[in-house]
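Visitor: The following block contains the structure, expressed as structure tokens.
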Amino acid sequence: MNMIVPLSELRPGESGVVINLQGGPNFRSKLYPMGLAPGVIIRVLDRFQFGPVIIEAGGTRLAVGKNMAAKIMVRKL
Amino acid sequence: MAMKIVALAGNPNVGKTTIFNALTGMKQHVGNWPGVTVEKKEGIFEYEGERFLVVDLPGTYSLTAHSIDELVARNFLLNGNPDVVVNVVDATSILRNLYLTLEIFEMGLKNVVVALNKIDLAEKKGIKIDAKKMSKVLGVPVVPLDAKDGIGMKELKDVIVAVAHGEVEETPIIPTYEPAVEREIEHISKCLEGTKLVSKYPVRWLALKLLQRDEEVMKLVERHLGQEGLDRVMTHINEVEERYGKAMDLVIAGQKYEFIDGLTHEFMSYGRAGGEPFTDQLDRLLVHPVYGFVVMAIVFYFVFKFIFVFGLPIQNWLAEAFTDFGNWLAPHIASEALRGLLVDGIIGGVGMVLSFFPLVFLLFLALSFLEDLGYMARIAVLMEGILRKFGLPGKAVIPLILGLGCNVPAVMATRTIEDEKDRLVTMFVNPFVPCSARLSVISFLAGLFFPKESALVAASIYALAFTVAILSAWLVSHFVKGESGLFVIELPEYLVPSGKALLLHSWERSKEFVRKAGTVILVGALLIWYLSNYPVPIGTGGSYAEKLGHLFGPYMGLMGLDWKAAVSLLFGIIAKENVISTYGVLYGTAAAIRSAMTPLQAYVLMAVTTLYIPCIATIGAIRAESNWKWAALATAYMITVASIVGILIWHVGLLLGWGA
Ligand SMILES: Nc1nc2c(ncn2[C@@H]2O[C@H](COP(=O)(O)OP(=O)(O)OP(=O)(O)O)[C@@H](O)[C@H]2O)c(=O)[nH]1
């Protein structure tokens, strides 16, 4: 079965569908308008040890902080 | 008849400013929204003799109540009665941009024009958009644009005017959600029925916002339905979510994107797969934890050079020109009091304000260039991990480094930081970074008192200053309200910025600086001038400045310094290099200074001069970028820190036997 993992665990080149955003409503409402909501397909472009994860979602490139990425649950594709 | 109002709304970086400039030309004005430090731009757009007021709303991804920018934009759309709302949409990322568009539609606005911008870039990426179909699908006019080259502007103007005159019938599409959500919308709408709220706001919007737990709307409802009424609604929502097993806002956001996805299939197609390999490759280099820093160091080197190598000579030249003008004018004024006031006070003060103009202008030019280029976002990504540990955002690295030159442009540079809390913390600690004026004090004293190890001593002062800055950031970030550390930013495509837009932008912002910081600088300059000339000139021992110095003498004694240091530091508030020149006035020669102090005292003086207070121009800049209270707080904080550090160094030094 396809696993559900935090976005922070995807490696560069891997894709996933956003399933859930953990954390408070404040946190979530910051992500929605950037294109991160349930059902959206994302692809990880780059990831470095300490810095944010760089992803592509809905045709735009986003950098997501490490802590935030840990709260975005995706189903690996 | 009042002018009709055209509001520009859209995501950041979609080309709003470009369109704003194309509509208004040079007839524009930059200010602040009342009560907040969000930039407000207004201008006049003329069309066949009729004049329209164009208001540029802050660029936002959404219209929630969580950030001031979004709240400002939202309140203007709801209560500002715009006659036309131009929603600028980036054709290269339609999906995300339409999220905001739908939010605008859900507010019940029926006078929206979608400006489909960057159509040239979209074509290059292989995205095909049928604007006519898009217009039919959305139910509002859609005008394709390449604002950078002015293509489509004529059509946009025509449509704006037509909508303003009520000649266009609009039926904006409103997303429908799954039955469970729709049922709740209906239920909540019923609860709100009969209140005054419903006549002021679209009830569906209110219901949706309540489902998403929007704080402002909750407050509104509380005011009209009372605490009980609000509780009833919120308890109901909690129950529904429990039954549903999912938060409503999550469901709504997901379905909104699903809805958008459905819409776009009707008017958009991708020629070839997206993803610009060039941008990806460049990103890999620029945010790389090793190469990224190398590139950043090189970029900063050039920015620094650009601002200070060009700016400082012009600044000096301007300052001299004002001095010369004063000297020329002086003999022409008979009254001595008036002469002093005019020449030393006013002309000196105005000269100082204007002499900062070139620095600030060049700074804005460099920053806008990096911002439009797309590099600023990469710097934020690169530095976020490190600086966040100390309560600072990644972008704080720019003001921290610029501060080494001059804290005034550095404080102005905090503007590029989106988050209010981050911005406040960054500008609060910035004055600790030793500027070039303080370098002159440090190197003078280090050279005089520590001739053998002057470089090491100077370096230790810099290390001290940066440590204090970083620790203060960590401390202050715990006290400023707001959520930070939620880091998610867009990495825009790299673009070559347009020179004209850069110049216009920088010019407007620099003018604003002069206007806002200018008053503070002028008042400060006049005050110090007064203190040093009344009732008798300084040097005689009877001036107010010297009396003040004596008043603070005992306090200075706590850190091993005397009243003369107090007077010098007072003058240093005008400009830090004055600390040394005032010592010169009070003592006469360098040798006299050398014999009047021990090296330990000199070291304390260096540390205190570096930390004690922002110069008057920096205070003005902080005030311009935040408010009086914040500027006063930063000043008080610095005085406190400098005192503590000064006393510590003095007493620890004495204990270690370095007093002699
Ligand atoms: N190729 C192309 N570039 C454009 C177009 N419109 C704007 N740009 C560029 O996009 C960048 C951003 O434009 P701005 O007008 O500063 O965008 P903005 O929405 O005001 O951005 P913020 O001030 O960050 O909110 C600039 O470099 C413009 O030159 C366009 O139609 N085509």
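Order determines the names: the first chain of the structure tokens is A, the second B, and so forth; residues in each chain are numbered 1 upward, and ligands are numbered 1 upward as they are shown.
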Give the residues of chain B that lie within 6 Å of chain A; count only C-alpha atoms, and format the answer as a PyMOL selection string.
Guide: chain B and resi 61-62+93+95-96+253-254+385+487-491
Visitor: Kindly export the residues of the current selection with N, CA, C and O atoms, as a PDB file, in the first residue's frame.
Guide:
ATOM      1  N   TYR B  61      -1.770  36.306  -0.468  1.00  0.00           N
ATOM      2  CA  TYR B  61      -2.195  35.039  -1.053  1.00  0.00           C
ATOM      3  C   TYR B  61      -3.643  34.738  -0.717  1.00  0.00           C
ATOM      4  O   TYR B  61      -4.270  33.903  -1.322  1.00  0.00           O
ATOM      5  N   SER B  62      -4.132  35.404   0.312  1.00  0.00           N
ATOM      6  CA  SER B  62      -5.446  35.046   0.807  1.00  0.00           C
ATOM      7  C   SER B  62      -6.036  36.234   1.554  1.00  0.00           C
ATOM      8  O   SER B  62      -5.429  37.298   1.623  1.00  0.00           O
ATOM      9  N   SER B  93       0.797  30.743 -12.702  1.00  0.00           N
ATOM     10  CA  SER B  93       0.358  29.860 -11.618  1.00  0.00           C
ATOM     11  C   SER B  93      -1.108  30.120 -11.294  1.00  0.00           C
ATOM     12  O   SER B  93      -1.457  30.608 -10.234  1.00  0.00           O
ATOM     13  N   LEU B  95      -3.648  28.120 -10.750  1.00  0.00           N
ATOM     14  CA  LEU B  95      -4.313  27.351  -9.701  1.00  0.00           C
ATOM     15  C   LEU B  95      -4.294  28.102  -8.380  1.00  0.00           C
ATOM     16  O   LEU B  95      -5.317  28.327  -7.744  1.00  0.00           O
ATOM     17  N   ARG B  96      -3.074  28.497  -7.969  1.00  0.00           N
ATOM     18  CA  ARG B  96      -2.944  29.160  -6.686  1.00  0.00           C
ATOM     19  C   ARG B  96      -3.582  30.545  -6.711  1.00  0.00           C
ATOM     20  O   ARG B  96      -4.185  30.983  -5.748  1.00  0.00           O
ATOM     21  N   ALA B 253     -10.841  24.027   2.084  1.00  0.00           N
ATOM     22  CA  ALA B 253      -9.669  24.353   1.267  1.00  0.00           C
ATOM     23  C   ALA B 253      -9.445  23.286   0.198  1.00  0.00           C
ATOM     24  O   ALA B 253      -9.204  23.601  -0.970  1.00  0.00           O
ATOM     25  N   GLY B 254      -9.555  22.032   0.594  1.00  0.00           N
ATOM     26  CA  GLY B 254      -9.348  20.947  -0.360  1.00  0.00           C
ATOM     27  C   GLY B 254     -10.339  21.014  -1.511  1.00  0.00           C
ATOM     28  O   GLY B 254      -9.970  20.880  -2.676  1.00  0.00           O
ATOM     29  N   GLY B 385      17.205  28.556   8.457  1.00  0.00           N
ATOM     30  CA  GLY B 385      17.533  27.520   9.426  1.00  0.00           C
ATOM     31  C   GLY B 385      18.409  28.035  10.555  1.00  0.00           C
ATOM     32  O   GLY B 385      18.190  27.712  11.722  1.00  0.00           O
ATOM     33  N   PHE B 487       7.374  28.996   8.407  1.00  0.00           N
ATOM     34  CA  PHE B 487       8.098  29.452   7.227  1.00  0.00           C
ATOM     35  C   PHE B 487       7.616  28.745   5.975  1.00  0.00           C
ATOM     36  O   PHE B 487       7.829  27.556   5.789  1.00  0.00           O
ATOM     37  N   VAL B 488       6.933  29.491   5.139  1.00  0.00           N
ATOM     38  CA  VAL B 488       6.615  28.970   3.810  1.00  0.00           C
ATOM     39  C   VAL B 488       6.609  30.160   2.861  1.00  0.00           C
ATOM     40  O   VAL B 488       5.890  31.125   3.055  1.00  0.00           O
ATOM     41  N   ILE B 489       7.489  30.124   1.881  1.00  0.00           N
ATOM     42  CA  ILE B 489       7.498  31.224   0.920  1.00  0.00           C
ATOM     43  C   ILE B 489       7.577  30.702  -0.497  1.00  0.00           C
ATOM     44  O   ILE B 489       8.009  29.568  -0.743  1.00  0.00           O
ATOM     45  N   GLU B 490       7.157  31.559  -1.401  1.00  0.00           N
ATOM     46  CA  GLU B 490       7.205  31.202  -2.798  1.00  0.00           C
ATOM     47  C   GLU B 490       8.584  31.517  -3.344  1.00  0.00           C
ATOM     48  O   GLU B 490       9.198  32.512  -2.976  1.00  0.00           O
ATOM     49  N   LEU B 491       9.089  30.653  -4.196  1.00  0.00           N
ATOM     50  CA  LEU B 491      10.343  30.943  -4.882  1.00  0.00           C
ATOM     51  C   LEU B 491      10.001  31.314  -6.319  1.00  0.00           C
ATOM     52  O   LEU B 491       9.771  30.444  -7.149  1.00  0.00           O
TER      53      LEU B 491
END
Visitor: Can you tell me, as JSON, numbers by chain, what residues are no more than 9 Å from Leu77 in chain A when counting only C-alpha atoms, ignoring any on the same chain fewer than 4 positions away?
Guide: {"A": [2, 3, 14, 15, 16, 17]}
Visitor: Convert the current residue selection to file output with N, CA and C atoms, as a short mmCIF file (atom, residue, chain, number, x, y, z; two decimals), in the first residue's frame.
Guide:
data_model
loop_
_atom_site.label_atom_id
_atom_site.label_comp_id
_atom_site.auth_asym_id
_atom_site.auth_seq_id
_atom_site.Cartn_x
_atom_site.Cartn_y
_atom_site.Cartn_z
N ASN A 2 0.27 2.30 -0.51
CA ASN A 2 0.98 3.58 -0.48
C ASN A 2 0.98 4.14 0.93
N MET A 3 2.16 4.57 1.36
CA MET A 3 2.29 5.03 2.73
C MET A 3 1.93 6.50 2.86
N GLU A 14 10.71 12.79 -5.46
CA GLU A 14 9.50 12.05 -5.10
C GLU A 14 8.28 12.96 -5.06
N SER A 15 7.12 12.37 -5.34
CA SER A 15 5.87 13.14 -5.32
C SER A 15 4.89 12.55 -4.33
N GLY A 16 3.88 13.34 -4.01
CA GLY A 16 2.85 12.85 -3.11
C GLY A 16 1.59 13.70 -3.19
N VAL A 17 0.49 13.14 -2.67
CA VAL A 17 -0.75 13.89 -2.59
C VAL A 17 -0.92 14.33 -1.14
#
Visitor: As number ranges by chain, please: every protein or nucleic acid residue near ligand 1 (cut-off 8 Å, counting only C-alpha atoms and all ligand atoms).
Guide: B: 10-20, 58-60, 88, 117-121, 145-151, 371-373, 495-498, 501
Visitor: Hey, what's within 7 Å of Ile417 in chain B if we count only C-alpha atoms and toss same-chain stuff fewer than 5 positions away? As a PyMOL selection string, please?
Guide: chain B and resi 395+422-423
Visitor: Work out how far CA of Asp249 in chain B is from CA of Asp214 in chain B, in Å to one decimal.
Guide: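 Distance reported for this atom pair: 9.9 Å.
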Visitor: So that I can check the surroundings of Ile4 in chain A, please list as a list in words every protein, DNA and RNA residue that reaches within 7 Å of it, counting only C-alpha atoms and ignoring chain neighbours fewer than 3 positions away.
Guide: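 My reading of the contact set: Met73, Val74, Arg75 and Lys76 of chain A.
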Visitor: Next, write the just-selected residues to a file, as an mmCIF file, in the first residue's frame, keeping N, CA and C atoms as the atom set.
Guide:
data_model
loop_
_atom_site.group_PDB
_atom_site.id
_atom_site.type_symbol
_atom_site.label_atom_id
_atom_site.label_comp_id
_atom_site.auth_asym_id
_atom_site.auth_seq_id
_atom_site.Cartn_x
_atom_site.Cartn_y
_atom_site.Cartn_z
ATOM 1 N N MET A 73 1.060 15.954 5.928
ATOM 2 C CA MET A 73 1.040 14.522 5.659
ATOM 3 C C MET A 73 0.687 14.268 4.191
ATOM 4 N N VAL A 74 1.488 13.459 3.538
ATOM 5 C CA VAL A 74 1.247 13.170 2.130
ATOM 6 C C VAL A 74 1.211 11.666 1.885
ATOM 7 N N ARG A 75 0.474 11.288 0.838
ATOM 8 C CA ARG A 75 0.528 9.891 0.402
ATOM 9 C C ARG A 75 1.502 9.828 -0.755
ATOM 10 N N LYS A 76 2.521 9.036 -0.593
ATOM 11 C CA LYS A 76 3.556 8.921 -1.619
ATOM 12 C C LYS A 76 2.960 8.413 -2.922
#
Visitor: Please determine, counting only C-alpha atoms, which residue among B:Leu502, B:Leu448, B:Leu456, B:Ile346 has the shortest atom-to-atom distance to Thr589 in chain B.
Guide: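 Closest to Thr589 in chain B of all the choices is B:Leu448.
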Visitor: Can you pull out every residue within 6 Å of Lys133 in chain B, counting only C-alpha atoms, but drop anything in the same chain fewer than 3 positions away, and send it as a count of residues only?
Guide: 3
Visitor: I need the strand (DSSP E) residues of range 29-246 of chain B per DSSP on the backbone, written as a PyMOL selection string.
Guide: chain B and resi 29-32+39-47+50-56+84-90+112-117+127-129+142-144
